[in-house]
file work-v5.txt (compact mmCIF, C-alpha atoms and all ligand atoms)
# COMPACT_ATOMS: atom_id res chain seq x y z
CA MET A 18 17.17 -25.08 20.30
CA THR A 19 15.12 -22.09 21.39
CA ILE A 20 14.37 -19.07 19.22
CA GLU A 21 16.74 -17.04 21.41
CA GLN A 22 19.58 -19.55 20.95
CA ARG A 23 19.09 -19.68 17.20
CA TYR A 24 19.08 -15.89 17.19
CA GLN A 25 22.38 -15.65 19.09
CA LEU A 26 24.06 -17.95 16.57
CA ALA A 27 22.64 -16.02 13.62
CA LYS A 28 23.59 -12.71 15.22
CA ALA A 29 27.21 -13.81 15.58
CA GLN A 30 27.31 -14.75 11.91
CA TYR A 31 25.95 -11.37 10.80
CA GLU A 32 28.16 -9.53 13.26
CA SER A 33 31.25 -11.10 11.71
CA TRP A 34 30.42 -8.77 8.81
CA GLY A 35 30.09 -5.78 11.10
CA ILE A 36 26.28 -5.81 10.94
CA ASP A 37 24.65 -4.55 14.14
CA VAL A 38 21.66 -6.88 14.34
CA ASP A 39 20.06 -5.31 17.42
CA ALA A 40 20.28 -1.88 15.78
CA ALA A 41 18.67 -3.33 12.65
CA LEU A 42 15.75 -4.65 14.71
CA ALA A 43 15.38 -1.31 16.51
CA LYS A 44 15.21 0.45 13.13
CA LEU A 45 12.72 -2.04 11.72
CA LYS A 46 10.37 -1.46 14.62
CA GLN A 47 10.02 2.20 13.60
CA VAL A 48 8.82 1.51 10.05
CA PRO A 49 5.07 1.71 9.51
CA ILE A 50 3.45 -0.16 6.66
CA SER A 51 0.20 1.24 5.32
CA ILE A 52 -2.12 -1.76 5.28
CA HIS A 53 -4.98 -1.42 2.80
CA CYS A 54 -8.40 -2.05 4.30
CA TRP A 55 -9.82 -3.23 0.96
CA GLN A 56 -8.25 -6.72 1.13
CA GLY A 57 -10.85 -7.47 3.80
CA ASP A 58 -13.99 -6.98 1.72
CA ASP A 59 -12.88 -7.34 -1.90
CA VAL A 60 -12.83 -3.55 -2.52
CA GLY A 61 -16.53 -3.31 -1.69
CA GLY A 62 -16.89 -0.47 0.78
CA PHE A 63 -19.99 0.42 2.76
CA GLU A 64 -21.89 2.89 0.65
CA VAL A 65 -25.63 2.64 1.12
CA ASN A 66 -26.10 2.75 -2.65
CA LYS A 67 -23.12 0.48 -3.28
CA GLN A 68 -22.30 -0.30 -6.91
CA ALA A 69 -20.43 -3.24 -8.41
CA LEU A 70 -16.65 -2.93 -8.53
CA SER A 71 -15.56 -1.03 -11.64
CA GLY A 72 -12.55 0.95 -12.82
CA GLY A 73 -10.86 -1.89 -14.66
CA ILE A 74 -9.84 -3.78 -11.53
CA ASP A 75 -11.23 -7.13 -10.46
CA VAL A 76 -11.31 -9.44 -7.47
CA THR A 77 -11.64 -13.17 -8.03
CA GLY A 78 -12.55 -15.84 -5.48
CA ASN A 79 -15.31 -16.34 -2.99
CA TYR A 80 -13.62 -17.41 0.23
CA PRO A 81 -16.24 -17.49 2.99
CA GLY A 82 -16.44 -14.87 5.71
CA LYS A 83 -15.87 -11.60 3.88
CA ALA A 84 -16.43 -8.54 6.08
CA THR A 85 -19.75 -6.92 5.24
CA THR A 86 -19.88 -4.17 7.86
CA PRO A 87 -17.32 -1.66 9.16
CA GLU A 88 -17.32 -3.46 12.52
CA GLU A 89 -16.51 -6.78 10.87
CA LEU A 90 -13.79 -5.21 8.76
CA ARG A 91 -12.16 -3.58 11.77
CA GLN A 92 -12.44 -6.82 13.73
CA ASP A 93 -10.65 -8.69 10.91
CA ILE A 94 -7.92 -6.06 10.65
CA GLU A 95 -7.42 -6.26 14.42
CA GLN A 96 -6.92 -10.00 14.09
CA ALA A 97 -4.34 -9.54 11.34
CA LEU A 98 -2.55 -6.85 13.37
CA LYS A 99 -2.12 -9.32 16.23
CA LEU A 100 0.00 -11.42 13.86
CA ILE A 101 2.06 -8.62 12.30
CA PRO A 102 5.02 -7.18 14.21
CA GLY A 103 5.18 -3.40 14.62
CA GLN A 104 2.91 -0.37 14.70
CA HIS A 105 1.27 0.34 11.37
CA ARG A 106 -1.21 2.44 9.37
CA ILE A 107 -4.54 1.61 7.78
CA ASN A 108 -5.22 2.76 4.26
CA LEU A 109 -8.87 3.70 3.65
CA HIS A 110 -10.82 4.47 0.50
CA ALA A 111 -13.65 6.99 0.56
CA ILE A 112 -16.15 4.15 0.04
CA TYR A 113 -15.44 3.03 3.60
CA ALA A 114 -17.34 6.03 4.96
CA GLU A 115 -20.01 5.32 7.60
CA THR A 116 -23.10 7.37 6.85
CA ASN A 117 -25.65 5.87 9.24
CA GLY A 118 -27.85 4.39 6.55
CA GLU A 119 -28.05 7.68 4.64
CA ILE A 120 -27.08 8.07 1.00
CA VAL A 121 -24.28 10.62 0.94
CA GLU A 122 -22.89 11.54 -2.45
CA ARG A 123 -19.14 11.27 -2.64
CA ASP A 124 -18.67 14.98 -3.21
CA GLN A 125 -20.57 15.58 0.06
CA LEU A 126 -18.47 13.32 2.29
CA LYS A 127 -17.28 14.95 5.49
CA PRO A 128 -14.74 14.10 8.21
CA HIS A 129 -17.46 12.91 10.61
CA HIS A 130 -18.25 10.05 8.23
CA PHE A 131 -14.87 8.61 9.24
CA GLN A 132 -15.14 9.28 12.98
CA ASN A 133 -15.47 5.59 13.85
CA TRP A 134 -12.28 4.84 11.93
CA ILE A 135 -10.50 7.71 13.70
CA ASP A 136 -11.61 6.56 17.17
CA TRP A 137 -10.62 3.01 16.37
CA ALA A 138 -7.22 4.12 15.01
CA LYS A 139 -6.59 6.10 18.20
CA LYS A 140 -7.47 3.11 20.35
CA HIS A 141 -5.04 0.89 18.47
CA GLN A 142 -2.37 3.56 17.88
CA LEU A 143 -2.65 3.32 14.12
CA GLY A 144 -2.06 5.95 11.48
CA ILE A 145 -4.53 6.35 8.62
CA ASP A 146 -4.01 7.01 4.91
CA PHE A 147 -6.76 7.92 2.48
CA ASN A 148 -7.90 7.56 -1.12
CA PRO A 149 -10.75 9.26 -2.93
CA THR A 150 -12.71 6.55 -4.75
CA LEU A 151 -13.14 7.35 -8.43
CA PHE A 152 -14.65 4.05 -9.50
CA SER A 153 -17.66 1.82 -8.65
CA HIS A 154 -19.98 4.76 -9.27
CA PRO A 155 -22.52 5.68 -11.99
CA LYS A 156 -20.51 8.83 -12.79
CA ALA A 157 -17.52 6.61 -13.63
CA ASP A 158 -19.49 4.06 -15.66
CA ASP A 159 -17.85 5.02 -18.94
CA GLY A 160 -14.41 4.73 -17.36
CA LEU A 161 -13.72 8.47 -17.31
CA THR A 162 -13.62 10.79 -14.30
CA LEU A 163 -11.19 13.71 -13.87
CA SER A 164 -10.44 13.73 -17.60
CA HIS A 165 -14.06 13.39 -18.70
CA PRO A 166 -15.09 15.57 -21.67
CA ASP A 167 -18.22 16.57 -19.73
CA GLN A 168 -17.31 19.40 -17.38
CA SER A 169 -20.08 18.53 -14.89
CA ILE A 170 -18.69 15.00 -14.44
CA ARG A 171 -15.19 16.37 -13.98
CA ASP A 172 -16.49 18.87 -11.44
CA PHE A 173 -18.19 16.14 -9.44
CA TRP A 174 -14.95 14.19 -9.15
CA ILE A 175 -12.96 17.34 -8.43
CA ARG A 176 -15.32 18.06 -5.53
CA HIS A 177 -14.89 14.46 -4.33
CA CYS A 178 -11.11 14.80 -4.33
CA GLN A 179 -11.34 18.16 -2.56
CA ALA A 180 -13.63 16.62 0.06
CA SER A 181 -11.17 13.74 0.46
CA ARG A 182 -8.26 16.07 1.12
CA ARG A 183 -10.28 17.89 3.80
CA ILE A 184 -11.19 14.57 5.41
CA ALA A 185 -7.51 13.60 5.34
CA GLU A 186 -6.51 16.93 6.88
CA HIS A 187 -8.97 16.33 9.71
CA ILE A 188 -7.72 12.79 10.28
CA GLY A 189 -4.12 14.02 10.23
CA LYS A 190 -4.94 16.58 12.92
CA GLU A 191 -6.80 14.04 15.04
CA LEU A 192 -4.10 11.40 14.86
CA GLY A 193 -1.08 13.70 14.90
CA SER A 194 0.37 12.05 11.83
CA PRO A 195 0.08 13.22 8.21
CA VAL A 196 -2.35 11.28 6.05
CA LEU A 197 -1.19 10.28 2.59
CA THR A 198 -4.05 11.07 0.21
CA ASN A 199 -3.52 9.16 -3.00
CA ILE A 200 -5.41 9.90 -6.20
CA TRP A 201 -5.82 7.04 -8.62
CA ILE A 202 -8.29 7.28 -11.49
CA PRO A 203 -9.27 4.60 -13.99
CA ASP A 204 -9.53 6.96 -16.99
CA GLY A 205 -8.50 5.49 -20.31
CA TYR A 206 -9.66 3.87 -23.54
CA LYS A 207 -10.05 0.28 -24.62
CA ASP A 208 -8.86 1.06 -28.12
CA THR A 209 -6.36 3.35 -29.78
CA PRO A 210 -7.35 6.94 -29.02
CA SER A 211 -7.62 9.63 -31.67
CA ASP A 212 -6.54 12.24 -29.12
CA ARG A 213 -4.13 11.49 -26.32
CA LEU A 214 -3.33 15.05 -25.37
CA GLY A 215 -6.87 16.36 -24.75
CA PRO A 216 -7.76 14.03 -21.85
CA ARG A 217 -4.34 14.59 -20.29
CA LYS A 218 -4.80 18.37 -20.47
CA ARG A 219 -8.16 17.99 -18.74
CA LEU A 220 -6.68 15.74 -16.06
CA LYS A 221 -3.91 18.26 -15.44
CA GLU A 222 -6.46 21.08 -15.06
CA SER A 223 -8.59 18.96 -12.71
CA LEU A 224 -5.58 18.18 -10.52
CA ASP A 225 -4.57 21.85 -10.46
CA THR A 226 -8.06 22.74 -9.22
CA ILE A 227 -8.03 19.98 -6.60
CA PHE A 228 -4.65 21.05 -5.25
CA SER A 229 -5.36 24.78 -5.41
CA GLU A 230 -6.58 24.57 -1.82
CA GLU A 231 -3.50 24.73 0.38
CA ILE A 232 -3.42 22.06 3.07
CA ASP A 233 -0.64 21.95 5.62
CA SER A 234 1.70 19.02 4.97
CA THR A 235 1.78 18.44 8.72
CA TYR A 236 -1.66 16.91 8.24
CA ASN A 237 -1.93 15.82 4.63
CA LEU A 238 0.44 14.70 1.89
CA ASP A 239 -0.78 14.28 -1.69
CA ALA A 240 0.18 11.46 -4.00
CA VAL A 241 -0.74 10.60 -7.58
CA GLU A 242 -0.72 7.00 -8.84
CA SER A 243 -0.15 6.07 -12.46
CA LYS A 244 -1.12 2.94 -14.32
CA LEU A 245 -0.17 1.22 -17.56
CA PHE A 246 -3.51 -0.34 -18.41
CA GLY A 247 -6.68 -1.68 -16.85
CA ILE A 248 -9.54 -3.91 -17.95
CA GLY A 249 -11.24 -1.75 -20.56
CA SER A 250 -8.35 0.73 -20.79
CA GLU A 251 -5.92 -1.56 -22.54
CA ALA A 252 -4.81 0.88 -25.23
CA TYR A 253 -4.46 4.12 -23.32
CA VAL A 254 -4.45 5.35 -19.74
CA VAL A 255 -4.69 9.09 -19.21
CA GLY A 256 -2.73 9.06 -15.94
CA SER A 257 0.34 7.28 -17.27
CA HIS A 258 3.68 7.08 -15.46
CA GLU A 259 5.24 9.93 -17.44
CA PHE A 260 2.18 12.10 -16.87
CA TYR A 261 2.21 11.74 -13.10
CA LEU A 262 5.98 11.76 -12.77
CA GLY A 263 5.99 15.12 -14.51
CA TYR A 264 3.04 16.37 -12.51
CA ALA A 265 4.46 15.26 -9.16
CA VAL A 266 7.90 16.73 -9.71
CA GLN A 267 6.55 20.02 -11.04
CA ASN A 268 3.97 20.41 -8.28
CA ASN A 269 5.79 19.01 -5.29
CA LYS A 270 3.47 16.01 -4.94
CA LEU A 271 4.41 12.42 -4.21
CA CYS A 272 4.65 10.03 -7.09
CA LEU A 273 3.06 6.75 -6.02
CA LEU A 274 4.52 3.67 -7.68
CA ASP A 275 2.29 0.60 -7.71
CA THR A 276 4.40 -2.48 -8.44
CA GLY A 277 1.60 -3.89 -10.62
CA HIS A 278 1.31 -0.83 -12.82
CA TYR A 279 4.25 -1.26 -15.17
CA HIS A 280 5.36 -3.51 -18.00
CA PRO A 281 6.00 -7.00 -16.61
CA THR A 282 9.80 -6.65 -16.84
CA GLU A 283 9.87 -3.05 -15.60
CA MET A 284 10.79 -3.02 -11.92
CA VAL A 285 9.70 -0.46 -9.34
CA SER A 286 12.85 -1.25 -7.33
CA ASN A 287 14.83 0.36 -10.13
CA LYS A 288 12.78 3.57 -10.00
CA ILE A 289 13.07 4.45 -6.30
CA SER A 290 16.61 5.88 -6.34
CA ALA A 291 15.88 7.88 -9.50
CA LEU A 292 12.80 9.49 -7.98
CA LEU A 293 14.47 10.22 -4.66
CA LEU A 294 16.95 12.48 -6.43
CA PHE A 295 14.13 14.77 -7.47
CA SER A 296 11.62 14.37 -4.69
CA ASP A 297 11.98 14.19 -0.93
CA LYS A 298 9.35 11.46 -0.64
CA VAL A 299 8.08 8.61 -2.79
CA ALA A 300 5.07 6.42 -2.08
CA LEU A 301 4.60 2.76 -2.92
CA HIS A 302 1.73 0.37 -3.46
CA VAL A 303 3.46 -2.95 -3.06
CA SER A 304 1.52 -5.61 -4.89
CA ARG A 305 2.36 -8.72 -6.94
CA PRO A 306 1.45 -8.72 -10.60
CA VAL A 307 1.17 -12.22 -12.04
CA ARG A 308 1.40 -11.66 -15.81
CA TRP A 309 -0.70 -8.51 -15.40
CA ASP A 310 -1.92 -6.16 -12.66
CA SER A 311 -3.48 -9.10 -10.84
CA ASP A 312 -3.02 -7.77 -7.29
CA HIS A 313 -1.83 -11.07 -5.81
CA VAL A 314 -0.72 -11.19 -2.18
CA VAL A 315 2.81 -9.87 -1.78
CA SER A 316 5.35 -12.68 -1.76
CA PHE A 317 8.92 -12.68 -0.38
CA ASP A 318 10.27 -12.77 -3.91
CA ASP A 319 13.28 -11.23 -5.62
CA GLU A 320 11.56 -7.96 -6.49
CA LEU A 321 10.29 -7.47 -2.94
CA LYS A 322 13.81 -8.05 -1.58
CA GLU A 323 15.18 -5.59 -4.13
CA ILE A 324 12.61 -2.98 -3.07
CA GLY A 325 13.63 -3.48 0.56
CA LEU A 326 17.30 -3.15 -0.38
CA GLU A 327 16.73 0.04 -2.36
CA ILE A 328 14.92 1.64 0.56
CA VAL A 329 17.45 0.56 3.17
CA ARG A 330 20.74 0.99 1.31
CA ASN A 331 19.73 4.52 0.28
CA ASP A 332 18.84 5.37 3.87
CA ALA A 333 15.30 6.15 2.72
CA LEU A 334 13.17 4.49 5.41
CA ASN A 335 11.71 7.91 6.21
CA ASN A 336 11.38 8.97 2.58
CA VAL A 337 9.59 6.00 1.06
CA LEU A 338 6.03 5.65 2.31
CA ILE A 339 5.30 1.96 2.02
CA GLY A 340 1.72 0.94 1.32
CA LEU A 341 0.28 -2.38 0.19
CA ASP A 342 -2.26 -3.01 -2.54
CA PHE A 343 -3.54 -6.49 -3.19
CA PHE A 344 -6.90 -8.21 -3.00
CA ASP A 345 -7.27 -11.94 -3.14
CA ALA A 346 -10.70 -13.41 -2.38
CA SER A 347 -9.63 -17.00 -3.08
CA ILE A 348 -7.89 -17.40 0.29
CA ASN A 349 -8.60 -16.43 3.88
CA ARG A 350 -8.50 -12.63 3.80
CA VAL A 351 -6.95 -12.26 7.26
CA ALA A 352 -4.20 -14.63 6.13
CA ALA A 353 -3.74 -12.56 2.98
CA TRP A 354 -3.08 -9.41 5.02
CA THR A 355 -0.82 -11.33 7.40
CA ILE A 356 1.26 -12.99 4.70
CA GLY A 357 1.62 -9.87 2.57
CA THR A 358 2.45 -7.50 5.42
CA ARG A 359 4.84 -9.88 7.16
CA ASN A 360 6.60 -10.35 3.82
CA MET A 361 7.01 -6.60 3.37
CA ILE A 362 8.53 -6.32 6.84
CA LYS A 363 10.71 -9.37 6.16
CA ALA A 364 12.07 -7.71 3.03
CA LEU A 365 13.10 -4.66 5.07
CA LEU A 366 14.77 -6.87 7.66
CA TYR A 367 16.55 -8.84 4.94
CA ALA A 368 17.89 -5.54 3.59
CA LEU A 369 18.90 -4.28 7.02
CA LEU A 370 20.96 -7.44 7.50
CA MET A 371 23.04 -6.97 4.36
CA PRO A 372 26.59 -5.56 4.37
CA ASN A 373 25.36 -2.66 2.25
CA ASP A 374 28.34 -0.38 2.80
CA GLN A 375 30.87 -3.03 1.82
CA LEU A 376 28.81 -3.98 -1.24
CA LYS A 377 28.89 -0.34 -2.40
CA VAL A 378 32.66 -0.29 -1.99
CA TYR A 379 33.07 -3.46 -4.08
CA GLN A 380 31.07 -1.81 -6.84
CA GLU A 381 33.06 1.43 -6.69
CA GLN A 382 36.25 -0.60 -6.87
CA GLY A 383 34.94 -2.45 -9.90
CA ASP A 384 35.08 -5.74 -8.01
CA TYR A 385 31.88 -7.14 -9.49
CA THR A 386 32.95 -10.71 -8.74
CA LYS A 387 33.01 -10.02 -5.02
CA ARG A 388 29.79 -8.02 -5.26
CA LEU A 389 27.97 -10.99 -6.79
CA ALA A 390 29.66 -13.55 -4.53
CA VAL A 391 28.67 -11.71 -1.34
CA LEU A 392 25.13 -10.94 -2.52
CA GLU A 393 24.65 -14.64 -3.26
CA GLU A 394 26.28 -15.79 -0.02
CA PHE A 395 23.88 -13.75 2.06
CA LYS A 396 20.91 -15.48 0.48
CA SER A 397 21.66 -18.51 2.66
CA TYR A 398 22.47 -16.60 5.84
CA PRO A 399 20.24 -17.47 8.84
CA PHE A 400 17.80 -14.66 8.20
CA GLY A 401 14.83 -16.76 9.42
CA ALA A 402 16.33 -17.06 12.91
CA VAL A 403 16.49 -13.27 13.22
CA TRP A 404 12.96 -12.90 11.87
CA ASP A 405 11.57 -15.43 14.38
CA TYR A 406 13.34 -13.65 17.23
CA TYR A 407 11.95 -10.30 16.07
CA CYS A 408 8.40 -11.71 15.99
CA GLU A 409 8.77 -13.21 19.44
CA ARG A 410 10.14 -9.96 20.85
CA MET A 411 7.32 -8.01 19.22
CA ASP A 412 4.78 -10.36 20.80
CA VAL A 413 3.47 -11.90 17.61
CA PRO A 414 3.72 -15.55 16.57
CA ALA A 415 7.05 -16.71 15.14
CA GLY A 416 7.33 -19.03 12.17
CA LEU A 417 4.08 -20.45 10.87
CA ASP A 418 2.37 -20.30 14.28
CA TRP A 419 0.31 -17.34 13.06
CA LEU A 420 -1.66 -19.75 10.86
CA ASP A 421 -3.12 -21.52 13.92
CA HIS A 422 -4.51 -18.17 15.04
CA VAL A 423 -6.02 -17.52 11.62
CA ASN A 424 -7.55 -21.00 11.55
CA LYS A 425 -9.06 -20.47 14.98
CA TYR A 426 -10.41 -17.08 13.94
CA GLU A 427 -11.87 -18.67 10.84
CA ASP A 428 -13.70 -21.29 12.96
CA ASP A 429 -14.81 -18.85 15.66
CA VAL A 430 -15.74 -15.85 13.52
CA LEU A 431 -15.56 -16.20 9.75
CA VAL A 432 -17.42 -19.49 9.34
CA LYS A 433 -20.20 -18.28 11.66
CA ARG A 434 -20.37 -15.01 9.74
CA ALA A 435 -20.59 -16.83 6.43
CA ASN A 436 -23.32 -19.14 7.77
CA LYS A 437 -25.38 -16.18 8.98
CA SER A 438 -25.49 -14.48 5.58
C1 LIG B 1 -8.22 -0.26 -5.00
C2 LIG B 1 -7.20 0.01 -6.04
O1 LIG B 1 -6.31 -1.03 -6.15
C3 LIG B 1 -6.37 1.18 -5.80
O2 LIG B 1 -7.13 2.25 -5.46
C4 LIG B 1 -5.42 1.65 -6.88
O3 LIG B 1 -4.33 1.97 -6.10
C5 LIG B 1 -4.99 0.70 -7.95
O4 LIG B 1 -3.92 0.18 -7.83
C6 LIG B 1 -5.81 0.43 -9.14
O5 LIG B 1 -5.21 -0.52 -9.96
MN MN B 2 -2.48 0.77 -6.33
call {"tool": "encode", "arguments": {"input": "work-v5.txt", "output": "structure tokens", "more": "lines below"}}
Ligand SMILES: C[C@H](O)[C@H](O)[C@@H](O)C(=O)CO
Ligand SMILES: [Mn+2]
result
Amino acid sequence: MTIEQRYQLAKAQYESWGIDVDAALAKLKQVPISIHCWQGDDVGGFEVNKQALSGGIDVTGNYPGKATTPEELRQDIEQALKLIPGQHRINLHAIYAETNGEIVERDQLKPHHFQNWIDWAKKHQLGIDFNPTLFSHPKADDGLTLSHPDQSIRDFWIRHCQASRRIAEHIGKELGSPVLTNIWIPDGYKDTPSDRLGPRKRLKESLDTIFSEEIDSTYNLDAVESKLFGIGSEAYVVGSHEFYLGYAVQNNKLCLLDTGHYHPTEMVSNKISALLLFSDKVALHVSRPVRWDSDHVVSFDDELKEIGLEIVRNDALNNVLIGLDFFDASINRVAAWTIGTRNMIKALLYALLMPNDQLKVYQEQGDYTKRLAVLEEFKSYPFGAVWDYYCERMDVPAGLDWLDHVNKYEDDVLVKRANKS
């Protein structure tokens, strides 16, 4: 049976529930996923005076063929994009600046240091998102940045964040699409602090200074990302969830929820509807924590499906800015992007193919038996047939065929690259 024939059968089954499958696919096509560039080079970046990865995050594995130049990184992303249906965005960190062999301090970064990324994004019709990088730097060696007791260190990082917002504004103007600028800092303490309030007061003041410069939201949107703990900040993180939730709501900023940044049984899917009642937009870093904030490649698991459902059933496809955040160096990095991004899109499709309106009615009527029965029944509906059809229509490989392309790319490009270095 062809993909088209399998699709027609699946479509009929979904349509018996009143689900408009073609409309679901048309909607899906419009949803951009912000794909993080840092999966491609293990969060290295291209600074001339590059430092080891710090900030309490870690990448394990040594799969051959890591991108070591901006050209290689872009080439690898292009390969992944050929295997991912839809038109997406690329999420950059400030350390991916191109400075022509010159050492440029992070507080001195300018829009032109990202011109190659902008030109490339235009060529491939991609949006860009941005992150100041407040780690892997001598001024973050003690794990403190915007909350540092030393004013001069705080000022340096404030200037870096200000520079980042200006870069984002420029990119937003150039690409005609607002850039999400997300601030994440590693600040915290390994052991029980003797003062929790002081560092948080300093962080609040630093953020107020950073955001005191008005930037048009047509070009730039600001987000703040909390964390529960990191390596070396096990006891206390300055930018906790409550801190940033309060800050974002009070200051009209986006709260960015990273799925790896909460207690292991605390689910981001359960937070989205709560936040959307107080904020027009919410941002996500979809990741997969395995026992801790391990940043595994996103899997098509229960939590991912639940995130997709929460976005779709609350009609929030335009309100939830979906970004990815994982970095696995133990497998082919192009495959990592492909698997994780396809899974995110699959989760949205899965949600679009649910009888969400009926399920709400069952709940309102107190018919929890039917709610559970239908939710379970749909788990074995022919979702894969619709997914394959979508991939084929979007001109990317259906099923596992994408892996042949990755294997060929590995032989043609990655192995040769690894052998050269
Ligand atoms: C590269 C980091 O993962 C990223 O900036 C941040 O979003 C994070 O999640 C740190 O744990
Ligand atoms: Mn994150």
call {"tool": "atom_distance", "arguments": {"input": "work-v5.txt", "atom1": "atom CA of Thr85 of chain A", "atom2": "atom CA of Lys433 of chain A"}}
result
13.1 Å
call {"tool": "residues_near_ligand", "arguments": {"input": "work-v5.txt", "ligand": "ligand MN 2 (chain B)", "cutoff": "6 Å", "atoms": "all atoms listed in the file", "output": "PyMOL selection string"}}
result
chain A and resi 275+302+342
call {"tool": "closest_residue", "arguments": {"input": "work-v5.txt", "among": "A:Asn66, A:Thr276, A:Thr209, A:Asn331", "to": "Glu119 of chain A", "atoms": "all atoms listed in the file"}}
result
A:Asn66
call {"tool": "axis_aligned_box", "arguments": {"input": "work-v5.txt", "around": "ligand LIG 1 (chain B)", "padding_each_side": "5 Å", "output": "JSON"}}
result
{"center_x": -6.1, "center_y": 0.6, "center_z": -7.5, "size_x": 14.3, "size_y": 13.3, "size_z": 15.0}
call {"tool": "residues_near_ligand", "arguments": {"input": "work-v5.txt", "ligand": "ligand LIG 1 (chain B)", "cutoff": "9 Å", "atoms": "only C-alpha atoms and all ligand atoms", "output": "ChimeraX atom specification"}}
result
/A:53,55-56,60,72-75,110,148-152,199-203,242-244,246-247,273,275-278,302,304,310-312,341-344
call {"tool": "write_last_selection", "arguments": {"input": "work-v5.txt", "atoms": "C-alpha atoms", "output": "PDB file, in the frame of the given file"}}
result
ATOM      1  CA  HIS A  53      -4.980  -1.420   2.800  1.00  0.00           C
ATOM      2  CA  TRP A  55      -9.820  -3.230   0.960  1.00  0.00           C
ATOM      3  CA  GLN A  56      -8.250  -6.720   1.130  1.00  0.00           C
ATOM      4  CA  VAL A  60     -12.830  -3.550  -2.520  1.00  0.00           C
ATOM      5  CA  GLY A  72     -12.550   0.950 -12.820  1.00  0.00           C
ATOM      6  CA  GLY A  73     -10.860  -1.890 -14.660  1.00  0.00           C
ATOM      7  CA  ILE A  74      -9.840  -3.780 -11.530  1.00  0.00           C
ATOM      8  CA  ASP A  75     -11.230  -7.130 -10.460  1.00  0.00           C
ATOM      9  CA  HIS A 110     -10.820   4.470   0.500  1.00  0.00           C
ATOM     10  CA  ASN A 148      -7.900   7.560  -1.120  1.00  0.00           C
ATOM     11  CA  PRO A 149     -10.750   9.260  -2.930  1.00  0.00           C
ATOM     12  CA  THR A 150     -12.710   6.550  -4.750  1.00  0.00           C
ATOM     13  CA  LEU A 151     -13.140   7.350  -8.430  1.00  0.00           C
ATOM     14  CA  PHE A 152     -14.650   4.050  -9.500  1.00  0.00           C
ATOM     15  CA  ASN A 199      -3.520   9.160  -3.000  1.00  0.00           C
ATOM     16  CA  ILE A 200      -5.410   9.900  -6.200  1.00  0.00           C
ATOM     17  CA  TRP A 201      -5.820   7.040  -8.620  1.00  0.00           C
ATOM     18  CA  ILE A 202      -8.290   7.280 -11.490  1.00  0.00           C
ATOM     19  CA  PRO A 203      -9.270   4.600 -13.990  1.00  0.00           C
ATOM     20  CA  GLU A 242      -0.720   7.000  -8.840  1.00  0.00           C
ATOM     21  CA  SER A 243      -0.150   6.070 -12.460  1.00  0.00           C
ATOM     22  CA  LYS A 244      -1.120   2.940 -14.320  1.00  0.00           C
ATOM     23  CA  PHE A 246      -3.510  -0.340 -18.410  1.00  0.00           C
ATOM     24  CA  GLY A 247      -6.680  -1.680 -16.850  1.00  0.00           C
ATOM     25  CA  LEU A 273       3.060   6.750  -6.020  1.00  0.00           C
ATOM     26  CA  ASP A 275       2.290   0.600  -7.710  1.00  0.00           C
ATOM     27  CA  THR A 276       4.400  -2.480  -8.440  1.00  0.00           C
ATOM     28  CA  GLY A 277       1.600  -3.890 -10.620  1.00  0.00           C
ATOM     29  CA  HIS A 278       1.310  -0.830 -12.820  1.00  0.00           C
ATOM     30  CA  HIS A 302       1.730   0.370  -3.460  1.00  0.00           C
ATOM     31  CA  SER A 304       1.520  -5.610  -4.890  1.00  0.00           C
ATOM     32  CA  ASP A 310      -1.920  -6.160 -12.660  1.00  0.00           C
ATOM     33  CA  SER A 311      -3.480  -9.100 -10.840  1.00  0.00           C
ATOM     34  CA  ASP A 312      -3.020  -7.770  -7.290  1.00  0.00           C
ATOM     35  CA  LEU A 341       0.280  -2.380   0.190  1.00  0.00           C
ATOM     36  CA  ASP A 342      -2.260  -3.010  -2.540  1.00  0.00           C
ATOM     37  CA  PHE A 343      -3.540  -6.490  -3.190  1.00  0.00           C
ATOM     38  CA  PHE A 344      -6.900  -8.210  -3.000  1.00  0.00           C
TER      39      PHE A 344
END
call {"tool": "residues_around", "arguments": {"input": "work-v5.txt", "residues": "Tyr31 of chain A", "least_positions_apart": "3", "cutoff": "9 Å", "atoms": "only C-alpha atoms", "output": "list in words"}}
result
Leu26, Ala27, Lys28, Trp34, Gly35, Ile36, Asp37, Val38, Leu370, Met371, Pro372, Tyr398 and Pro399 of chain A
call {"tool": "closest_residue", "arguments": {"input": "work-v5.txt", "among": "A:Asn117, A:Ser71, A:Gln104, A:Gln47", "to": "Ile248 of chain A", "atoms": "all atoms listed in the file"}}
result
A:Ser71
call {"tool": "atom_distance", "arguments": {"input": "work-v5.txt", "atom1": "atom CA of Pro166 of chain A", "atom2": "atom CA of Arg219 of chain A"}}
result
7.9 Å
call {"tool": "atom_distance", "arguments": {"input": "work-v5.txt", "atom1": "atom CA of Trp404 of chain A", "atom2": "atom CA of Leu366 of chain A"}}
result
7.6 Å
call {"tool": "residues_around", "arguments": {"input": "work-v5.txt", "residues": "Thr235 of chain A", "least_positions_apart": "3", "cutoff": "10 Å", "atoms": "only C-alpha atoms", "output": "CSV table (one decimal) with C-alpha atoms, keeping the file's coordinate frame"}}
result
chain,number,residue,atom,x,y,z
A,186,GLU,CA,-6.5,16.9,6.9
A,189,GLY,CA,-4.1,14.0,10.2
A,190,LYS,CA,-4.9,16.6,12.9
A,193,GLY,CA,-1.1,13.7,14.9
A,194,SER,CA,0.4,12.0,11.8
A,195,PRO,CA,0.1,13.2,8.2
A,196,VAL,CA,-2.4,11.3,6.0
A,232,ILE,CA,-3.4,22.1,3.1
A,238,LEU,CA,0.4,14.7,1.9
